[in-house]
Amino acid sequence: MLLPYSNCIRVRLYNIRSNANFASVRTSHYENLLFEVPQNWAWVQLGMVAKVIHGRNQSAVANPNGKYPIYGSGGIMGYADDYLCPEHCTIIGRKGTINNPILVETKFWNVDTAFGICPSECIDYLYLYYFCKSFNFTKLDKSTTLPSLTKTCIEQIYIPLPPLAEQMRIVAKVRQLLNLLDKITAEL
């Protein structure tokens with residue numbers, strides 16, 4: 001489910017052509033938070049670098065001995081004989097628990113209350129996951145009772161996108177710091 005490499009080039013061209021006008025862009029989830037990024041980075045909408053896959057009801061594919069996990073926004077709910085999302089995707093809740101991204105490193109089925117966010121070749125899957133962990137999805141909630149998100153609002157989220165090598169360096173540093181935090185916590 002990777003986007004073709006030409007889309008990565010289009011993302012870079014988009015940044016070069018629109019950089020002068022980007023300061024005027026205001027979205028509710030980044031109001032007053034947009035910041036300058038290095039020349040070789042791009043501000044892009046998530047839908048430009050990842051595919052958002054709607055979940056579906058699992059009843060037709062559910063099998064306790066199935067090969068693929070069935071995920072909802074709270075984690076594994078069972079197993080299936082088929083999958084909707086490839087490996088290395090992030091799950092975001094569509095209804096209910098919308099602010100608890102889950103990284104899934106295997107192929108999986110996502111239920112109709114969860115989205116699978118599948119990275120293109122322009123974005124490292126762990127960079128995407130850590131971005132999702134840091135993003136406050138509740139700011140996008142337009143419901144009056146049960147929290148909910150739409151595919152469109154997820155695709156329109158702006159994300160700072162460095163070159164792939166830089167993404168990997170950022171991920172390595174984040175993992176190093178998280179491991180250090182785990183070590184310190186264990187010693188308490």
# chains A, B, ... in the order shown; residues from 1 in each chain; ligands from 1

call {"tool": "closest_atom_pairs", "arguments": {"of": "range 152-184 of chain A", "to": "range 36-59 of chain A", "cutoff": "8 Å", "atoms": "only C-alpha atoms", "output": "tab-separated table"}}
result
residue	atom	partner	partner_atom	distance
A:Ile154	CA	A:Leu46	CA	7.0
A:Glu155	CA	A:Gly47	CA	4.0
A:Gln156	CA	A:Gln45	CA	5.1
A:Ile157	CA	A:Gln45	CA	5.3
A:Tyr158	CA	A:Gln45	CA	4.4
A:Ile159	CA	A:Val44	CA	5.5
A:Pro160	CA	A:Trp43	CA	4.6
A:Leu161	CA	A:Ala42	CA	5.0
A:Pro162	CA	A:Trp41	CA	4.2
A:Pro163	CA	A:Trp41	CA	6.4

call {"tool": "write_last_selection", "arguments": {"atoms": "N, CA, C and O atoms", "output": "PDB file, in the first residue's frame"}}
result
ATOM      1  N   ILE A 154      -8.736  13.494   9.192  1.00  0.00           N
ATOM      2  CA  ILE A 154      -7.413  12.885   9.403  1.00  0.00           C
ATOM      3  C   ILE A 154      -6.501  13.187   8.223  1.00  0.00           C
ATOM      4  O   ILE A 154      -5.340  13.541   8.394  1.00  0.00           O
ATOM      5  N   GLU A 155      -7.024  13.060   7.013  1.00  0.00           N
ATOM      6  CA  GLU A 155      -6.214  13.316   5.815  1.00  0.00           C
ATOM      7  C   GLU A 155      -5.750  14.765   5.726  1.00  0.00           C
ATOM      8  O   GLU A 155      -4.737  15.055   5.104  1.00  0.00           O
ATOM      9  N   GLN A 156      -6.456  15.675   6.370  1.00  0.00           N
ATOM     10  CA  GLN A 156      -6.116  17.101   6.294  1.00  0.00           C
ATOM     11  C   GLN A 156      -5.190  17.578   7.404  1.00  0.00           C
ATOM     12  O   GLN A 156      -4.822  18.749   7.436  1.00  0.00           O
ATOM     13  N   ILE A 157      -4.794  16.687   8.291  1.00  0.00           N
ATOM     14  CA  ILE A 157      -3.853  17.060   9.354  1.00  0.00           C
ATOM     15  C   ILE A 157      -2.511  17.422   8.725  1.00  0.00           C
ATOM     16  O   ILE A 157      -1.997  16.694   7.877  1.00  0.00           O
ATOM     17  N   TYR A 158      -1.939  18.539   9.144  1.00  0.00           N
ATOM     18  CA  TYR A 158      -0.613  18.931   8.663  1.00  0.00           C
ATOM     19  C   TYR A 158       0.460  18.277   9.514  1.00  0.00           C
ATOM     20  O   TYR A 158       0.364  18.235  10.735  1.00  0.00           O
ATOM     21  N   ILE A 159       1.474  17.774   8.828  1.00  0.00           N
ATOM     22  CA  ILE A 159       2.586  17.098   9.486  1.00  0.00           C
ATOM     23  C   ILE A 159       3.891  17.639   8.906  1.00  0.00           C
ATOM     24  O   ILE A 159       4.010  17.799   7.699  1.00  0.00           O
ATOM     25  N   PRO A 160       4.873  17.950   9.768  1.00  0.00           N
ATOM     26  CA  PRO A 160       6.174  18.361   9.239  1.00  0.00           C
ATOM     27  C   PRO A 160       6.913  17.120   8.736  1.00  0.00           C
ATOM     28  O   PRO A 160       7.048  16.135   9.456  1.00  0.00           O
ATOM     29  N   LEU A 161       7.344  17.164   7.493  1.00  0.00           N
ATOM     30  CA  LEU A 161       7.944  15.984   6.867  1.00  0.00           C
ATOM     31  C   LEU A 161       9.389  16.250   6.472  1.00  0.00           C
ATOM     32  O   LEU A 161       9.658  16.911   5.473  1.00  0.00           O
ATOM     33  N   PRO A 162      10.328  15.732   7.252  1.00  0.00           N
ATOM     34  CA  PRO A 162      11.742  15.838   6.866  1.00  0.00           C
ATOM     35  C   PRO A 162      12.087  14.752   5.841  1.00  0.00           C
ATOM     36  O   PRO A 162      11.301  13.826   5.617  1.00  0.00           O
ATOM     37  N   PRO A 163      13.272  14.827   5.241  1.00  0.00           N
ATOM     38  CA  PRO A 163      13.717  13.740   4.369  1.00  0.00           C
ATOM     39  C   PRO A 163      13.740  12.421   5.149  1.00  0.00           C
ATOM     40  O   PRO A 163      13.873  12.412   6.379  1.00  0.00           O
TER      41      PRO A 163
END

call {"tool": "atom_distance", "arguments": {"atom1": "CA of Thr138 in chain A", "atom2": "CA of Ile98 in chain A"}}
result
6.8 Å

call {"tool": "residues_around", "arguments": {"residues": "His88 in chain A", "least_positions_apart": "4", "cutoff": "9 Å", "atoms": "only C-alpha atoms", "output": "NGL selection string"}}
result
:A and (103-107 or 118-119 or 125-126)

call {"tool": "select_by_dssp", "arguments": {"residues": "chain A", "states": "strand (DSSP E or B)", "output": "PyMOL selection string"}}
result
chain A and resi 42-45+50-54+62+68-72+75-80+85+89-93+95+102-104+108-110+114-119+148+158-161

call {"tool": "select_by_dssp", "arguments": {"residues": "range 7-184 of chain A", "states": "helix (DSSP H, G or I)", "output": "PDB file with C-alpha atoms, in the first residue's frame"}}
result
ATOM      1  CA  ASN A   7       4.323  11.237  -4.956  1.00  0.00           C
ATOM      2  CA  CYS A   8       7.373  11.935  -2.766  1.00  0.00           C
ATOM      3  CA  ILE A   9       8.690  14.241  -5.467  1.00  0.00           C
ATOM      4  CA  ARG A  10       5.261  15.903  -5.729  1.00  0.00           C
ATOM      5  CA  VAL A  11       5.315  16.494  -1.963  1.00  0.00           C
ATOM      6  CA  ARG A  12       8.678  18.273  -2.257  1.00  0.00           C
ATOM      7  CA  LEU A  13       7.472  20.376  -5.207  1.00  0.00           C
ATOM      8  CA  TYR A  14       4.327  21.253  -3.265  1.00  0.00           C
ATOM      9  CA  ASN A  15       6.477  22.549  -0.434  1.00  0.00           C
ATOM     10  CA  ILE A  16       8.709  24.624  -2.707  1.00  0.00           C
ATOM     11  CA  ARG A  17       5.798  26.173  -4.594  1.00  0.00           C
ATOM     12  CA  SER A  18       3.581  26.836  -1.595  1.00  0.00           C
ATOM     13  CA  ASN A  19       6.103  27.706   1.096  1.00  0.00           C
ATOM     14  CA  ALA A  20       5.575  31.459   0.707  1.00  0.00           C
ATOM     15  CA  ASN A  21       1.835  31.096   1.243  1.00  0.00           C
ATOM     16  CA  PHE A  22       1.999  28.541   4.034  1.00  0.00           C
ATOM     17  CA  LEU A  46      -1.276  13.482   6.137  1.00  0.00           C
ATOM     18  CA  GLY A  47      -3.363  12.268   3.188  1.00  0.00           C
ATOM     19  CA  MET A  48      -0.473  13.174   0.854  1.00  0.00           C
ATOM     20  CA  VAL A  49       1.916  10.737   2.525  1.00  0.00           C
ATOM     21  CA  TYR A 125       6.190   4.121   9.637  1.00  0.00           C
ATOM     22  CA  LEU A 126       7.672   4.816  13.082  1.00  0.00           C
ATOM     23  CA  TYR A 127       7.926   8.553  12.374  1.00  0.00           C
ATOM     24  CA  LEU A 128       4.233   8.464  11.428  1.00  0.00           C
ATOM     25  CA  TYR A 129       3.366   6.502  14.569  1.00  0.00           C
ATOM     26  CA  TYR A 130       5.263   8.864  16.894  1.00  0.00           C
ATOM     27  CA  PHE A 131       3.643  11.842  15.180  1.00  0.00           C
ATOM     28  CA  CYS A 132       0.226  10.259  15.798  1.00  0.00           C
ATOM     29  CA  LYS A 133       1.144   9.596  19.452  1.00  0.00           C
ATOM     30  CA  SER A 134       2.013  13.272  19.884  1.00  0.00           C
ATOM     31  CA  PHE A 137      -6.903  13.968  17.848  1.00  0.00           C
ATOM     32  CA  THR A 138      -9.576  15.119  20.292  1.00  0.00           C
ATOM     33  CA  LYS A 139      -9.212  18.623  18.819  1.00  0.00           C
ATOM     34  CA  LEU A 140     -10.695  17.245  15.590  1.00  0.00           C
ATOM     35  CA  LYS A 151     -11.358  10.173   7.215  1.00  0.00           C
ATOM     36  CA  THR A 152     -11.302  13.660   5.702  1.00  0.00           C
ATOM     37  CA  CYS A 153     -10.257  15.383   8.925  1.00  0.00           C
ATOM     38  CA  ILE A 154      -7.413  12.885   9.403  1.00  0.00           C
ATOM     39  CA  GLU A 155      -6.214  13.316   5.815  1.00  0.00           C
ATOM     40  CA  LEU A 164      13.523  10.015   5.074  1.00  0.00           C
ATOM     41  CA  ALA A 165      17.052   9.800   6.518  1.00  0.00           C
ATOM     42  CA  GLU A 166      16.209  12.607   8.962  1.00  0.00           C
ATOM     43  CA  GLN A 167      12.966  10.864   9.932  1.00  0.00           C
ATOM     44  CA  MET A 168      14.984   7.764  10.809  1.00  0.00           C
ATOM     45  CA  ARG A 169      17.418   9.816  12.917  1.00  0.00           C
ATOM     46  CA  ILE A 170      14.474  11.405  14.764  1.00  0.00           C
ATOM     47  CA  VAL A 171      12.923   7.975  15.385  1.00  0.00           C
ATOM     48  CA  ALA A 172      16.245   6.600  16.664  1.00  0.00           C
ATOM     49  CA  LYS A 173      16.551   9.515  19.122  1.00  0.00           C
ATOM     50  CA  VAL A 174      12.936   9.144  20.292  1.00  0.00           C
ATOM     51  CA  ARG A 175      13.478   5.412  20.892  1.00  0.00           C
ATOM     52  CA  GLN A 176      16.732   6.111  22.751  1.00  0.00           C
ATOM     53  CA  LEU A 177      14.967   8.596  25.020  1.00  0.00           C
ATOM     54  CA  LEU A 178      11.990   6.290  25.601  1.00  0.00           C
ATOM     55  CA  ASN A 179      14.361   3.440  26.538  1.00  0.00           C
ATOM     56  CA  LEU A 180      16.148   5.763  28.960  1.00  0.00           C
ATOM     57  CA  LEU A 181      12.800   6.768  30.470  1.00  0.00           C
ATOM     58  CA  ASP A 182      11.854   3.083  30.884  1.00  0.00           C
ATOM     59  CA  LYS A 183      15.196   2.413  32.592  1.00  0.00           C
ATOM     60  CA  ILE A 184      14.785   5.353  34.977  1.00  0.00           C
TER      61      ILE A 184
END

call {"tool": "closest_residue", "arguments": {"among": "A:Leu149, A:Met77, A:Lys142, A:Asp124", "to": "Ile92 in chain A", "atoms": "only C-alpha atoms"}}
result
A:Leu149

call {"tool": "residues_around", "arguments": {"residues": "Gly96 in chain A", "least_positions_apart": "3", "cutoff": "10 Å", "atoms": "only C-alpha atoms", "output": "list in words"}}
result
Ser73, Gly74, Gly93, Asn99, Thr113, Ala114, Thr145, Leu146, Pro147, Ser148 and Leu149 of chain A

call {"tool": "write_last_selection", "arguments": {"atoms": "C-alpha atoms", "output": "tab-separated table (two decimals), in the first residue's frame"}}
result
chain	number	residue	atom	x	y	z
A	73	SER	CA	-9.23	1.34	18.83
A	74	GLY	CA	-8.54	-0.48	22.10
A	93	GLY	CA	-9.95	5.24	16.66
A	99	ASN	CA	-6.62	9.58	21.08
A	113	THR	CA	-14.70	1.97	14.56
A	114	ALA	CA	-11.01	2.31	13.66
A	145	THR	CA	-21.72	12.72	22.55
A	146	LEU	CA	-19.41	9.86	21.52
A	147	PRO	CA	-16.00	11.14	20.32
A	148	SER	CA	-15.58	10.57	16.58
A	149	LEU	CA	-13.30	11.38	13.66

call {"tool": "residues_around", "arguments": {"residues": "Ala62 in chain A", "least_positions_apart": "2", "cutoff": "9 Å", "atoms": "only C-alpha atoms", "output": "number ranges by chain"}}
result
A: 58-60, 64-66, 70, 78-82

call {"tool": "atom_distance", "arguments": {"atom1": "CA of Tyr71 in chain A", "atom2": "CA of Ile102 in chain A"}}
result
9.2 Å

call {"tool": "decode", "arguments": {"residues": "range 160-176 of chain A", "atoms": "N, CA and C atoms", "output": "short mmCIF file (atom, residue, chain, number, x, y, z; two decimals), in the first residue's frame"}}
result
data_model
loop_
_atom_site.label_atom_id
_atom_site.label_comp_id
_atom_site.auth_asym_id
_atom_site.auth_seq_id
_atom_site.Cartn_x
_atom_site.Cartn_y
_atom_site.Cartn_z
N PRO A 160 4.87 17.95 9.77
CA PRO A 160 6.17 18.36 9.24
C PRO A 160 6.91 17.12 8.74
N LEU A 161 7.34 17.16 7.49
CA LEU A 161 7.94 15.98 6.87
C LEU A 161 9.39 16.25 6.47
N PRO A 162 10.33 15.73 7.25
CA PRO A 162 11.74 15.84 6.87
C PRO A 162 12.09 14.75 5.84
N PRO A 163 13.27 14.83 5.24
CA PRO A 163 13.72 13.74 4.37
C PRO A 163 13.74 12.42 5.15
N LEU A 164 13.63 11.33 4.45
CA LEU A 164 13.52 10.02 5.07
C LEU A 164 14.68 9.72 6.03
N ALA A 165 15.90 10.06 5.64
CA ALA A 165 17.05 9.80 6.52
C ALA A 165 16.92 10.57 7.83
N GLU A 166 16.42 11.80 7.75
CA GLU A 166 16.21 12.61 8.96
C GLU A 166 15.09 12.02 9.82
N GLN A 167 14.04 11.52 9.18
CA GLN A 167 12.97 10.86 9.93
C GLN A 167 13.53 9.71 10.75
N MET A 168 14.41 8.92 10.12
CA MET A 168 14.98 7.76 10.81
C MET A 168 15.88 8.19 11.97
N ARG A 169 16.60 9.30 11.80
CA ARG A 169 17.42 9.82 12.92
C ARG A 169 16.52 10.28 14.06
N ILE A 170 15.42 10.95 13.74
CA ILE A 170 14.47 11.40 14.76
C ILE A 170 13.89 10.21 15.51
N VAL A 171 13.48 9.18 14.77
CA VAL A 171 12.92 7.97 15.39
C VAL A 171 13.95 7.31 16.29
N ALA A 172 15.19 7.22 15.85
CA ALA A 172 16.24 6.60 16.66
C ALA A 172 16.42 7.37 17.97
N LYS A 173 16.40 8.70 17.92
CA LYS A 173 16.55 9.51 19.12
C LYS A 173 15.35 9.35 20.05
N VAL A 174 14.14 9.34 19.48
CA VAL A 174 12.94 9.14 20.29
C VAL A 174 13.01 7.80 21.00
N ARG A 175 13.38 6.75 20.27
CA ARG A 175 13.48 5.41 20.89
C ARG A 175 14.54 5.39 21.99
N GLN A 176 15.67 6.05 21.74
CA GLN A 176 16.73 6.11 22.75
C GLN A 176 16.20 6.78 24.02
#
